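Novice: Supplied structure: entry.cif, mmCIF, C-alpha atoms.
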data_my_file
#
loop_
_atom_site.label_atom_id
_atom_site.label_comp_id
_atom_site.auth_asym_id
_atom_site.auth_seq_id
_atom_site.Cartn_x
_atom_site.Cartn_y
_atom_site.Cartn_z
CA MET D 1 -30.82 19.99 -122.58
CA SER D 2 -28.12 19.43 -119.98
CA ALA D 3 -27.92 16.37 -117.70
CA TYR D 4 -28.96 18.60 -114.79
CA ASP D 5 -32.09 19.71 -116.66
CA ILE D 6 -33.03 16.10 -117.43
CA ASP D 7 -32.71 15.13 -113.75
CA ASP D 8 -35.10 17.96 -112.89
CA ALA D 9 -37.56 16.89 -115.61
CA ILE D 10 -37.77 13.19 -114.75
CA PRO D 11 -39.83 13.63 -111.50
CA LEU D 12 -42.27 15.83 -113.47
CA ILE D 13 -42.65 13.26 -116.26
CA LYS D 14 -43.15 10.26 -113.98
CA GLY D 15 -46.66 9.40 -112.85
CA LYS D 16 -49.40 6.81 -112.62
CA LYS D 17 -49.77 4.45 -115.57
CA GLY D 18 -52.56 5.51 -117.93
CA THR D 19 -52.46 9.21 -117.01
CA GLU D 20 -51.47 11.93 -119.43
CA VAL D 21 -48.36 14.08 -119.30
CA ARG D 22 -47.87 17.07 -121.61
CA LEU D 23 -44.40 17.90 -122.86
CA THR D 24 -43.81 21.41 -124.16
CA VAL D 25 -41.07 21.44 -126.78
CA LYS D 26 -39.47 24.53 -128.22
CA ARG D 27 -37.90 23.94 -131.61
CA GLU D 28 -35.42 25.96 -133.63
CA GLY D 29 -37.02 29.12 -134.89
CA GLY D 30 -38.99 29.57 -131.70
CA ILE D 31 -41.84 27.19 -132.60
CA VAL D 32 -43.50 25.80 -129.44
CA LYS D 33 -45.43 22.53 -129.54
CA VAL D 34 -47.27 20.65 -126.80
CA ILE D 35 -47.00 16.85 -127.07
CA PRO D 36 -49.46 14.80 -124.98
CA ILE D 37 -48.18 11.34 -123.90
CA ILE D 38 -50.02 8.62 -121.99
CA ARG D 39 -47.82 7.21 -119.25
CA ASP D 40 -47.02 3.51 -119.53
CA VAL D 41 -44.32 0.97 -118.77
CA ILE D 42 -41.61 1.21 -121.42
CA GLU D 43 -39.69 -1.93 -122.24
CA ILE D 44 -36.29 -1.60 -123.87
CA GLU D 45 -35.98 -4.81 -125.89
CA GLU D 46 -32.21 -4.43 -126.19
CA THR D 47 -32.00 -5.32 -122.48
CA PHE D 48 -33.56 -8.77 -123.03
CA ALA D 49 -32.13 -12.02 -124.40
CA LYS D 50 -32.18 -12.33 -128.18
CA SER D 51 -30.84 -14.75 -130.73
CA ALA D 52 -29.60 -15.24 -134.28
CA ILE D 53 -28.33 -18.00 -136.57
CA LEU D 54 -24.58 -18.22 -137.22
CA ASN D 55 -23.41 -19.80 -140.45
CA ASN D 56 -19.75 -20.69 -140.66
CA ASN D 57 -18.07 -22.98 -143.14
CA LYS D 58 -18.43 -25.87 -140.70
CA SER D 59 -21.97 -25.83 -139.35
CA LYS D 60 -25.12 -23.97 -138.35
CA ILE D 61 -24.85 -22.58 -134.81
CA GLY D 62 -27.35 -20.74 -132.64
CA TYR D 63 -26.29 -17.51 -130.92
CA ILE D 64 -27.94 -16.02 -127.83
CA TYR D 65 -26.98 -12.64 -126.42
CA LEU D 66 -27.76 -12.11 -122.72
CA PRO D 67 -27.02 -8.55 -121.46
CA SER D 68 -27.93 -9.21 -117.81
CA PHE D 69 -29.61 -11.69 -115.47
CA TYR D 70 -32.83 -9.70 -115.25
CA THR D 71 -36.06 -10.69 -113.57
CA ALA D 72 -39.56 -9.26 -113.26
CA TRP D 73 -39.46 -7.94 -109.69
CA GLY D 74 -43.00 -7.72 -108.30
CA THR D 75 -44.72 -8.47 -111.62
CA SER D 76 -46.18 -11.60 -113.19
CA GLY D 77 -48.08 -12.77 -116.22
CA PRO D 78 -47.12 -13.48 -119.85
CA SER D 79 -45.63 -10.03 -120.37
CA ALA D 80 -43.21 -10.32 -117.42
CA HIS D 81 -39.64 -10.80 -118.60
CA LYS D 82 -37.41 -13.23 -116.71
CA CYS D 83 -34.08 -14.11 -118.27
CA ALA D 84 -34.27 -17.86 -117.59
CA SER D 85 -37.70 -18.08 -119.24
CA ASP D 86 -36.54 -15.88 -122.12
CA MET D 87 -33.45 -18.07 -122.57
CA ARG D 88 -35.69 -21.13 -122.75
CA LYS D 89 -37.79 -19.46 -125.48
CA GLU D 90 -34.72 -18.51 -127.52
CA ILE D 91 -33.36 -22.06 -127.28
CA GLU D 92 -36.67 -23.50 -128.41
CA LYS D 93 -36.67 -21.17 -131.44
CA LEU D 94 -33.13 -22.19 -132.33
CA LYS D 95 -33.99 -25.89 -132.00
CA LYS D 96 -36.71 -25.41 -134.63
CA GLN D 97 -33.95 -24.18 -136.95
CA ASN D 98 -32.00 -27.41 -136.36
CA VAL D 99 -28.88 -25.70 -135.05
CA GLU D 100 -25.96 -28.02 -134.31
CA GLY D 101 -24.66 -26.06 -131.32
CA ILE D 102 -25.32 -22.92 -129.27
CA VAL D 103 -23.12 -19.97 -128.24
CA ILE D 104 -24.26 -17.94 -125.23
CA ASP D 105 -22.67 -14.49 -125.05
CA ILE D 106 -22.42 -13.06 -121.53
CA ARG D 107 -19.56 -10.66 -122.19
CA ASP D 108 -19.97 -7.39 -120.26
CA ASN D 109 -22.85 -8.99 -118.33
CA GLY D 110 -22.48 -7.66 -114.78
CA GLY D 111 -24.90 -10.15 -113.22
CA GLY D 112 -28.32 -9.81 -111.62
CA SER D 113 -30.80 -12.26 -110.12
CA LEU D 114 -29.33 -15.26 -108.29
CA GLN D 115 -32.51 -17.31 -108.70
CA GLU D 116 -32.56 -16.67 -112.45
CA VAL D 117 -29.02 -17.95 -112.97
CA VAL D 118 -29.81 -21.13 -111.03
CA GLU D 119 -32.86 -21.73 -113.23
CA MET D 120 -30.86 -20.95 -116.37
CA ALA D 121 -28.12 -23.44 -115.54
CA GLY D 122 -30.88 -26.01 -115.15
CA LEU D 123 -31.72 -25.65 -118.84
CA PHE D 124 -28.50 -27.53 -119.65
CA ILE D 125 -28.33 -30.19 -116.89
CA ASP D 126 -30.93 -32.68 -115.69
CA HIS D 127 -30.66 -31.70 -112.01
CA GLY D 128 -28.11 -30.94 -109.31
CA PRO D 129 -26.34 -28.13 -107.44
CA VAL D 130 -25.50 -24.91 -109.31
CA VAL D 131 -23.87 -22.65 -106.71
CA GLN D 132 -22.99 -22.67 -103.02
CA VAL D 133 -23.37 -19.70 -100.67
CA LYS D 134 -21.89 -18.93 -97.27
CA SER D 135 -23.03 -16.19 -94.91
CA LYS D 136 -21.84 -15.04 -91.50
CA ALA D 137 -21.22 -17.65 -88.80
CA ASP D 138 -20.20 -20.02 -91.63
CA MET D 139 -23.83 -20.77 -92.51
CA LYS D 140 -23.66 -22.66 -95.82
CA GLY D 141 -26.28 -23.49 -98.38
CA VAL D 142 -26.53 -25.07 -101.82
CA MET D 143 -28.82 -23.71 -104.54
CA GLU D 144 -29.92 -26.50 -106.87
CA ASP D 145 -31.68 -27.09 -110.12
CA ARG D 146 -34.47 -29.42 -109.02
CA TYR D 147 -36.13 -29.94 -112.39
CA PRO D 148 -35.15 -33.00 -114.48
CA ASP D 149 -36.00 -31.45 -117.87
CA VAL D 150 -33.11 -30.47 -120.15
CA VAL D 151 -33.92 -27.84 -122.79
CA TRP D 152 -30.60 -28.05 -124.68
CA ASP D 153 -28.46 -31.18 -124.54
CA GLY D 154 -26.19 -30.41 -127.50
CA PRO D 155 -22.81 -28.67 -127.97
CA LEU D 156 -22.51 -25.47 -125.94
CA SER D 157 -19.95 -22.69 -125.65
CA ILE D 158 -20.21 -19.67 -123.36
CA LEU D 159 -18.41 -16.46 -124.25
CA VAL D 160 -17.07 -14.36 -121.34
CA ASN D 161 -14.70 -11.44 -120.78
CA HIS D 162 -13.21 -9.31 -117.97
CA ASN D 163 -16.57 -7.59 -117.39
CA SER D 164 -18.56 -10.80 -116.94
CA ALA D 165 -19.32 -10.71 -113.22
CA SER D 166 -21.38 -12.15 -110.40
CA ALA D 167 -24.28 -14.20 -111.88
CA SER D 168 -22.36 -14.50 -115.16
CA GLU D 169 -19.54 -16.14 -113.26
CA ILE D 170 -21.95 -18.48 -111.49
CA LEU D 171 -23.31 -19.72 -114.83
CA ALA D 172 -19.87 -20.06 -116.41
CA ALA D 173 -18.44 -21.81 -113.33
CA ALA D 174 -21.35 -24.28 -113.12
CA ILE D 175 -21.12 -25.20 -116.81
CA GLN D 176 -17.34 -25.56 -116.45
CA ASP D 177 -17.51 -27.70 -113.29
CA TYR D 178 -20.10 -30.00 -114.84
CA LYS D 179 -17.96 -30.11 -118.01
CA ARG D 180 -21.22 -29.44 -119.80
CA GLY D 181 -19.80 -26.90 -122.27
CA VAL D 182 -16.71 -24.89 -123.19
CA ILE D 183 -16.03 -21.51 -121.59
CA VAL D 184 -14.39 -19.18 -124.12
CA GLY D 185 -12.78 -15.73 -123.87
CA THR D 186 -10.88 -14.06 -121.05
CA THR D 187 -10.83 -14.48 -117.27
CA THR D 188 -13.93 -12.98 -115.67
CA PHE D 189 -14.19 -10.09 -113.17
CA GLY D 190 -13.92 -12.08 -109.94
CA LYS D 191 -16.94 -10.83 -107.98
CA GLY D 192 -18.04 -13.60 -105.67
CA THR D 193 -19.89 -11.60 -103.00
CA VAL D 194 -23.49 -10.57 -102.31
CA GLN D 195 -24.33 -7.07 -101.11
CA SER D 196 -27.52 -5.57 -99.69
CA PHE D 197 -28.44 -1.92 -99.16
CA ILE D 198 -29.74 -1.05 -95.67
CA GLU D 199 -31.61 2.22 -95.22
CA LEU D 200 -30.36 4.20 -92.22
CA ASP D 201 -33.45 6.33 -91.54
CA PRO D 202 -35.33 3.62 -89.54
CA TYR D 203 -32.44 3.49 -87.07
CA LEU D 204 -32.53 7.22 -86.21
CA LEU D 205 -33.98 8.30 -82.89
CA PRO D 206 -36.97 10.71 -83.19
CA GLN D 207 -34.94 13.71 -82.04
CA PHE D 208 -32.70 13.30 -85.09
CA ASP D 209 -35.50 13.37 -87.70
CA THR D 210 -34.15 16.63 -89.06
CA LEU D 211 -31.10 14.72 -90.33
CA LYS D 212 -33.20 12.62 -92.72
CA PRO D 213 -32.65 11.35 -95.31
CA MET D 214 -29.49 9.67 -94.07
CA GLY D 215 -29.14 7.44 -97.11
CA SER D 216 -28.08 3.82 -96.98
CA VAL D 217 -25.08 1.61 -96.38
CA LYS D 218 -24.01 -1.34 -98.55
CA ILE D 219 -23.14 -4.44 -96.56
CA THR D 220 -21.63 -7.70 -97.84
CA MET D 221 -23.97 -10.48 -96.72
CA GLN D 222 -22.73 -13.65 -98.45
CA LYS D 223 -20.05 -15.18 -100.66
CA PHE D 224 -20.58 -17.38 -103.71
CA TYR D 225 -18.72 -20.66 -104.16
CA ARG D 226 -18.47 -22.97 -107.12
CA ILE D 227 -19.83 -26.47 -106.76
CA ASN D 228 -16.18 -27.65 -106.85
CA GLY D 229 -15.68 -25.71 -103.60
CA GLY D 230 -13.60 -22.80 -104.89
CA ALA D 231 -14.77 -19.19 -104.79
CA THR D 232 -15.21 -17.01 -107.85
CA GLN D 233 -14.02 -14.11 -105.69
CA LEU D 234 -10.82 -12.48 -107.03
CA LYS D 235 -9.84 -15.41 -109.27
CA GLY D 236 -12.96 -15.25 -111.43
CA VAL D 237 -13.55 -18.02 -113.96
CA VAL D 238 -10.59 -18.92 -116.16
CA PRO D 239 -11.90 -19.98 -119.60
CA ASP D 240 -11.25 -23.44 -120.99
CA VAL D 241 -10.16 -21.69 -124.19
CA GLN D 242 -8.44 -18.34 -123.60
CA LEU D 243 -8.42 -15.90 -126.51
CA PRO D 244 -6.19 -12.85 -127.11
CA ASP D 245 -7.59 -9.73 -125.50
CA PRO D 246 -6.71 -6.05 -126.06
CA TYR D 247 -6.77 -5.50 -122.28
CA ALA D 248 -4.82 -8.64 -121.39
CA LEU D 249 -1.90 -6.63 -119.95
CA PHE D 250 -4.11 -4.44 -117.73
CA ASP D 251 -4.74 -5.13 -114.05
CA ARG D 252 -8.52 -5.42 -113.84
CA GLY D 253 -11.27 -7.01 -111.81
CA GLU D 254 -12.44 -7.18 -108.22
CA ARG D 255 -8.88 -7.65 -106.94
CA GLU D 256 -8.04 -4.10 -108.06
CA LEU D 257 -10.75 -2.55 -105.88
CA ASP D 258 -10.17 -1.30 -102.35
CA PHE D 259 -10.37 -3.90 -99.57
CA PRO D 260 -11.65 -6.89 -101.58
CA MET D 261 -12.58 -10.03 -99.65
CA PRO D 262 -10.01 -12.83 -100.02
CA TRP D 263 -10.34 -16.00 -102.08
CA ASP D 264 -11.05 -19.15 -100.14
CA GLU D 265 -12.78 -22.47 -100.61
CA ILE D 266 -15.30 -24.72 -98.90
CA GLU D 267 -16.28 -28.35 -99.19
CA LYS D 268 -17.12 -29.60 -102.65
CA ALA D 269 -20.80 -30.18 -103.45
CA ASN D 270 -22.11 -33.57 -104.54
CA TYR D 271 -22.56 -33.43 -108.32
CA LYS D 272 -21.94 -35.45 -111.46
CA ALA D 273 -19.64 -34.23 -114.21
CA PHE D 274 -20.12 -35.07 -117.89
CA THR D 275 -17.43 -36.94 -119.80
CA SER D 276 -18.35 -36.35 -123.45
CA ILE D 277 -16.22 -33.31 -124.41
CA ASN D 278 -12.65 -33.81 -125.61
CA TYR D 279 -11.27 -30.58 -124.16
CA ASP D 280 -7.71 -31.27 -125.33
CA LEU D 281 -8.86 -31.53 -128.94
CA VAL D 282 -11.07 -28.44 -128.64
CA LYS D 283 -8.17 -26.39 -127.23
CA LYS D 284 -5.75 -27.69 -129.86
CA ASN D 285 -8.08 -26.83 -132.75
CA SER D 286 -8.77 -23.36 -131.38
CA ALA D 287 -5.07 -22.63 -130.77
CA GLU D 288 -4.28 -23.54 -134.39
CA ARG D 289 -7.02 -21.24 -135.72
CA VAL D 290 -5.97 -18.35 -133.48
CA LYS D 291 -2.33 -18.75 -134.50
CA LYS D 292 -3.27 -18.47 -138.19
CA SER D 293 -5.67 -15.54 -137.63
CA ASN D 294 -4.40 -12.11 -138.69
CA SER D 295 -7.21 -10.58 -136.63
CA PHE D 296 -6.07 -12.15 -133.38
CA LYS D 297 -2.48 -11.15 -134.20
CA LEU D 298 -3.77 -7.57 -134.41
CA VAL D 299 -5.46 -7.98 -131.02
CA GLU D 300 -2.16 -9.08 -129.46
CA ALA D 301 -0.39 -6.08 -131.03
CA GLU D 302 -3.14 -3.78 -129.78
CA ALA D 303 -2.73 -5.14 -126.25
CA LYS D 304 0.96 -4.20 -126.25
CA GLU D 305 0.25 -0.72 -127.63
CA LEU D 306 -2.50 -0.04 -125.10
CA LYS D 307 -0.21 -1.09 -122.25
CA ALA D 308 2.57 1.17 -123.55
CA LYS D 309 0.13 4.11 -123.71
CA LEU D 310 -1.04 3.40 -120.18
CA ASP D 311 2.52 3.32 -118.85
CA ASP D 312 3.46 6.55 -120.66
CA SER D 313 0.93 9.16 -119.54
CA ARG D 314 2.94 12.16 -120.75
CA TYR D 315 1.23 14.66 -123.05
CA SER D 316 2.84 17.67 -124.67
CA LEU D 317 1.50 21.05 -123.54
CA ASN D 318 2.53 22.51 -126.88
CA MET D 319 -0.66 22.57 -128.94
CA ASP D 320 1.03 22.04 -132.31
CA LYS D 321 3.09 19.12 -131.02
CA TYR D 322 0.04 17.63 -129.29
CA ARG D 323 -1.95 17.75 -132.55
CA VAL D 324 0.87 16.04 -134.43
CA GLU D 325 1.01 13.28 -131.80
CA GLN D 326 -2.75 12.75 -131.95
CA LYS D 327 -2.64 12.57 -135.74
CA MET D 328 0.08 9.93 -135.53
CA LEU D 329 -1.99 7.90 -133.06
CA LYS D 330 -4.99 8.11 -135.36
CA GLU D 331 -2.92 6.80 -138.26
CA GLN D 332 -1.53 3.99 -136.11
CA ASN D 333 -5.02 2.95 -135.07
CA LYS D 334 -6.22 2.61 -138.67
CA LYS D 335 -4.71 -0.86 -138.85
CA TYR D 336 -7.20 -2.01 -136.22
CA GLU D 337 -10.11 -1.23 -138.54
CA ASP D 338 -9.60 -4.74 -139.94
CA LEU D 339 -10.99 -6.03 -136.64
CA ARG D 340 -14.39 -4.59 -137.60
CA LYS D 341 -14.58 -6.04 -141.11
CA GLU D 342 -16.75 -8.92 -142.25
CA ILE D 343 -15.27 -12.38 -141.69
CA LYS D 344 -14.91 -14.71 -144.65
CA ASP D 345 -17.33 -17.66 -144.75
CA PHE D 346 -19.17 -16.38 -141.68
CA SER D 347 -22.59 -14.75 -141.46
CA ALA D 348 -25.38 -14.08 -138.98
CA GLU D 349 -29.05 -13.86 -139.75
CA LEU D 350 -32.27 -13.21 -137.89
CA MET D 351 -34.88 -15.93 -137.69
CA ALA D 352 -38.02 -15.50 -139.79
CA GLU D 353 -40.08 -15.95 -136.61
CA ASP D 354 -38.48 -12.85 -135.08
CA ILE D 355 -38.83 -10.78 -138.25
CA ASN D 356 -42.52 -11.69 -138.52
CA ARG D 357 -43.04 -10.70 -134.89
CA MET D 358 -41.74 -7.20 -135.65
CA GLY D 359 -44.47 -6.80 -138.26
CA SER D 360 -44.29 -3.57 -140.20
CA ASP D 361 -41.90 -1.83 -137.80
CA THR D 362 -39.20 -1.16 -140.39
CA ALA D 363 -37.08 0.80 -137.91
CA LYS D 364 -36.89 -2.15 -135.53
CA ILE D 365 -36.23 -4.62 -138.34
CA GLY D 366 -33.44 -2.41 -139.66
CA ARG D 367 -31.94 -2.09 -136.17
CA GLU D 368 -31.97 -5.85 -135.61
CA LYS D 369 -30.48 -6.55 -139.02
CA ARG D 370 -27.63 -4.17 -138.24
CA TRP D 371 -27.13 -6.04 -134.96
CA ALA D 372 -26.87 -9.33 -136.87
CA LYS D 373 -24.44 -7.76 -139.34
CA ASN D 374 -22.20 -6.64 -136.46
CA ILE D 375 -22.29 -10.15 -134.99
CA ALA D 376 -20.78 -11.43 -138.25
CA LYS D 377 -17.82 -9.07 -137.76
CA ASP D 378 -17.03 -10.25 -134.23
CA ILE D 379 -13.95 -12.49 -134.19
CA TYR D 380 -14.76 -13.77 -130.69
CA ILE D 381 -18.25 -14.91 -131.67
CA HIS D 382 -16.76 -16.48 -134.79
CA GLU D 383 -14.24 -18.49 -132.78
CA ALA D 384 -16.88 -19.45 -130.17
CA SER D 385 -19.03 -20.81 -133.01
CA ASN D 386 -16.06 -22.82 -134.33
CA ILE D 387 -15.55 -24.24 -130.85
CA ALA D 388 -19.23 -25.20 -130.60
CA SER D 389 -18.78 -26.96 -133.95
CA ASP D 390 -15.79 -28.87 -132.60
CA VAL D 391 -17.83 -30.23 -129.70
CA LYS D 392 -19.45 -33.34 -131.10
CA PRO D 393 -23.13 -33.95 -130.33
CA PHE D 394 -23.58 -36.01 -127.18
CA SER D 395 -26.22 -37.29 -124.85
CA ILE D 396 -26.63 -36.18 -121.25
CA THR D 397 -24.73 -38.90 -119.42
CA ALA D 398 -22.44 -38.25 -116.48
CA VAL D 399 -19.97 -39.91 -114.18
CA GLY D 400 -20.28 -39.62 -110.41
CA SER D 401 -18.08 -37.12 -108.55
CA LYS D 402 -18.07 -36.71 -104.80
#
Rewrite the structure of this file - the entire thing - as structure tokens.

Specialist:
Amino acid sequence: MSAYDIDDAIPLIKGKKGTEVRLTVKREGGIVKVIPIIRDVIEIEETFAKSAILNNNKSKIGYIYLPSFYTAWGTSGPSAHKCASDMRKEIEKLKKQNVEGIVIDIRDNGGGSLQEVVEMAGLFIDHGPVVQVKSKADMKGVMEDRYPDVVWDGPLSILVNHNSASASEILAAAIQDYKRGVIVGTTTFGKGTVQSFIELDPYLLPQFDTLKPMGSVKITMQKFYRINGGATQLKGVVPDVQLPDPYALFDRGERELDFPMPWDEIEKANYKAFTSINYDLVKKNSAERVKKSNSFKLVEAEAKELKAKLDDSRYSLNMDKYRVEQKMLKEQNKKYEDLRKEIKDFSAELMAEDINRMGSDTAKIGREKRWAKNIAKDIYIHEASNIASDVKPFSITAVGSK
């Protein structure tokens, strides 16, 4: 079925929850079968936060993957998924396993709910500002965590990359400004603005009804600012520990888009920064590991090759020559297969609580075990776990900063 056919079918399949829809399927050989399905809300669990246990040769670390800052718009109850609440649950499960630190992975997380990220930051601090916003006419506001409870007060590292944007940058910036954890990876996207869609139809005069639907226009309403006063716009969040990246030599991020808003800063918020992490030691230890790592050396080589390919966009129009060139590229890329191999003295496993929850669904269990196996091949997660191990356990005490 083509993409066009699917777009036509979707309005026919949609309907009120609990009603029946009949799908007629024609199989190979001409066999036609009618499949009745009861309409219901379908949850894709891969879009929610989930966790695993990382075992390296140093310690036992919890790992939480967060694909987006989702929320349950217009729904409530125990089945409603909100990322801050889900993050709390995953942390509580990991605490039962006596993990010594936690890695939160928000790579490729494009953002989402502003309220959720404020609540999530509050899981790691006792209270205080999380992000500042400014709208037109210089109207400023501060969004705060007002709850004194701290769900995780131990070592924390947050893994980011070029595609971590918006709410991801708010979380990373808040943790960095509070010096509550270590930000690891590559500089984030640099999206520090808030947009809203405004429908145009309500603004049409009656005599122009035949022009409907007119669609909508996206308008920038606000800008985000860190609690230290700087914007995440354009500059993004620069990690405390920067790791080699295959796209390091590419120009990426909000600054590469047309007409981006400029970076600026406002007054610093009143907050207290922690003093327990020895960042110099953490950076030194990580730099030594990266320097010895053959995998990260491969990443640096890959970055140079990708940049060379980008700069040289010539392709031969001779089919035989083109095939030879593609074969050579394929052979060259074989060396990067080592980046997807298992890492010595490093493993990831699902928690028994999660496996038991899946019951007899062998397909789901198999899928999640493959996910955990892939985690154990990720050099960035491995290094983030080492960094979390280097951060010594500490209590939530802070020094005033105004």

Novice: With distances taken over only C-alpha atoms, which residue among D:Ile102, D:Lys93, D:Leu23, D:Thr47 lies nearest His81 in chain D?

Specialist: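 Of all the options, D:Thr47 lies closest to His81 in chain D.
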
Novice: To one decimal place in Å, what is the distance between CA of Asp378 in chain D and CA of His162 in chain D?

Specialist: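 It comes out at 16.7 Å.
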
Novice: Check which residues of range 150-191 of chain D sit at most 10 Å from range 217-232 of chain D using only C-alpha atoms, and return one row each with the closest pair of atoms and their distance in Å to one decimal, ordered by chain and rising number, as a tab-separated table.

Specialist:
residue	atom	partner	partner_atom	distance
D:Ala165	CA	D:Thr232	CA	9.2
D:Ser166	CA	D:Thr232	CA	8.3
D:Ala167	CA	D:Phe224	CA	9.5
D:Glu169	CA	D:Thr232	CA	7.0
D:Ile170	CA	D:Arg226	CA	7.2
D:Leu171	CA	D:Arg226	CA	9.7
D:Ala172	CA	D:Arg226	CA	9.8
D:Ala173	CA	D:Arg226	CA	6.3
D:Ala174	CA	D:Arg226	CA	6.8
D:Gln176	CA	D:Arg226	CA	9.7
D:Asp177	CA	D:Asn228	CA	6.6
D:Tyr178	CA	D:Ile227	CA	8.8
D:Thr188	CA	D:Thr232	CA	8.9
D:Phe189	CA	D:Thr232	CA	8.8
D:Gly190	CA	D:Thr232	CA	5.5
D:Lys191	CA	D:Thr232	CA	6.4

Novice: Return the padded bounding box of range 21-40 of chain D as JSON: axis-aligned, built from all atoms listed in the file, 4 Å added on each side, with centre and edge lengths in Å to one decimal.

Specialist:
{"center_x": -42.7, "center_y": 16.5, "center_z": -127.1, "size_x": 22.6, "size_y": 34.1, "size_z": 23.6}

Novice: Rounded to one decimal in Å, what is the spacing between CA of Ile375 in chain D and CA of Ala49 in chain D?

Specialist: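 Going from CA of Ile375 in chain D over to CA of Ala49 in chain D, I get 14.6 Å.
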
Novice: Leu12 in chain D: which residues within 10 Å, counting only C-alpha atoms, same-chain residues fewer than 2 positions away excluded, as a PDB file with C-alpha atoms, in the frame of the given file?

Specialist:
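Output saved as result_19.pdb:
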ATOM      1  CA  ASP D   7     -32.710  15.130-113.750  1.00  0.00           C
ATOM      2  CA  ASP D   8     -35.100  17.960-112.890  1.00  0.00           C
ATOM      3  CA  ALA D   9     -37.560  16.890-115.610  1.00  0.00           C
ATOM      4  CA  ILE D  10     -37.770  13.190-114.750  1.00  0.00           C
ATOM      5  CA  LYS D  14     -43.150  10.260-113.980  1.00  0.00           C
ATOM      6  CA  GLY D  15     -46.660   9.400-112.850  1.00  0.00           C
ATOM      7  CA  VAL D  21     -48.360  14.080-119.300  1.00  0.00           C
ATOM      8  CA  ARG D  22     -47.870  17.070-121.610  1.00  0.00           C
ATOM      9  CA  LEU D  23     -44.400  17.900-122.860  1.00  0.00           C
TER      10      LEU D  23
END

Novice: Which residues of range 88-177 of chain D come within 7 Å of range 64-73 of chain D, and what is each one's closest atom pair and distance in Å (one decimal), counting all atoms listed in the file, sorted by chain and residue number, as CSV?

Specialist:
residue,atom,partner,partner_atom,distance
D:Val103,CA,D:Ile64,CA,6.2
D:Ile104,CA,D:Ile64,CA,4.9
D:Asp105,CA,D:Tyr65,CA,4.9
D:Ile106,CA,D:Leu66,CA,5.6
D:Asn109,CA,D:Ser68,CA,5.1
D:Gly110,CA,D:Ser68,CA,6.4
D:Gly111,CA,D:Phe69,CA,5.4
D:Gly112,CA,D:Phe69,CA,4.5
D:Ser113,CA,D:Phe69,CA,5.5
D:Glu116,CA,D:Phe69,CA,6.5
D:Val117,CA,D:Phe69,CA,6.8
D:Ala167,CA,D:Phe69,CA,6.9

Novice: Compute the distance from (-23.3, -18.9, -134.8) to each atom, counting only C-alpha atoms, keep the residues with any atom at most 7 Å away, and return them as a PyMOL selection string; use the coordinates of the file.

Specialist: chain D and resi 53-55+60-63+103+348+382+385

Novice: Restricted to C-alpha atoms, what would the selected residues look like written as a PDB file, in the coordinates of the input?

Specialist:
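Contents of out-v5.pdb, as written:
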ATOM      1  CA  ILE D  53     -28.330 -18.000-136.570  1.00  0.00           C
ATOM      2  CA  LEU D  54     -24.580 -18.220-137.220  1.00  0.00           C
ATOM      3  CA  ASN D  55     -23.410 -19.800-140.450  1.00  0.00           C
ATOM      4  CA  LYS D  60     -25.120 -23.970-138.350  1.00  0.00           C
ATOM      5  CA  ILE D  61     -24.850 -22.580-134.810  1.00  0.00           C
ATOM      6  CA  GLY D  62     -27.350 -20.740-132.640  1.00  0.00           C
ATOM      7  CA  TYR D  63     -26.290 -17.510-130.920  1.00  0.00           C
ATOM      8  CA  VAL D 103     -23.120 -19.970-128.240  1.00  0.00           C
ATOM      9  CA  ALA D 348     -25.380 -14.080-138.980  1.00  0.00           C
ATOM     10  CA  HIS D 382     -16.760 -16.480-134.790  1.00  0.00           C
ATOM     11  CA  SER D 385     -19.030 -20.810-133.010  1.00  0.00           C
TER      12      SER D 385
END

Novice: Considering all atoms listed in the file, state which residue in the set D:Ser389, D:Gln332, D:Asn57, D:Ser347 is at the smallest distance from Gly154 in chain D.

Specialist: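 Comparing D:Ser389, D:Gln332, D:Asn57, D:Ser347 against Gly154 in chain D, the winner is D:Ser389.
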
Novice: Hey, can you check how far CA of Lys330 in chain D sits from CA of Glu302 in chain D?

Specialist: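 Taking CA of Lys330 in chain D as the start and CA of Glu302 in chain D as the end point, the length is 13.3 Å.
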
Novice: Selected by the PyMOL selection byres ((chain D and resi 157) around 8) in the shown coordinates: which residues, as a list of chain:residue names?

Specialist: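 On this input, the PyMOL selection byres ((chain D and resi 157) around 8) captures D:Ile102, D:Val103, D:Ile104, D:Pro155, D:Leu156, D:Ile158, D:Leu159, D:Gly181, D:Val182, D:Ile183, D:Val184, D:Ala384, D:Ser385, D:Ile387, D:Ala388.
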
Novice: Excluding Asp201 in chain D and any residue of its chain fewer than 5 positions from it, enumerate the residues within 8 Å of it, using only C-alpha atoms, and give them as a list of chain:residue names.

Specialist: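 Here the answer would be D:Lys212, D:Pro213, D:Met214, D:Gly215.
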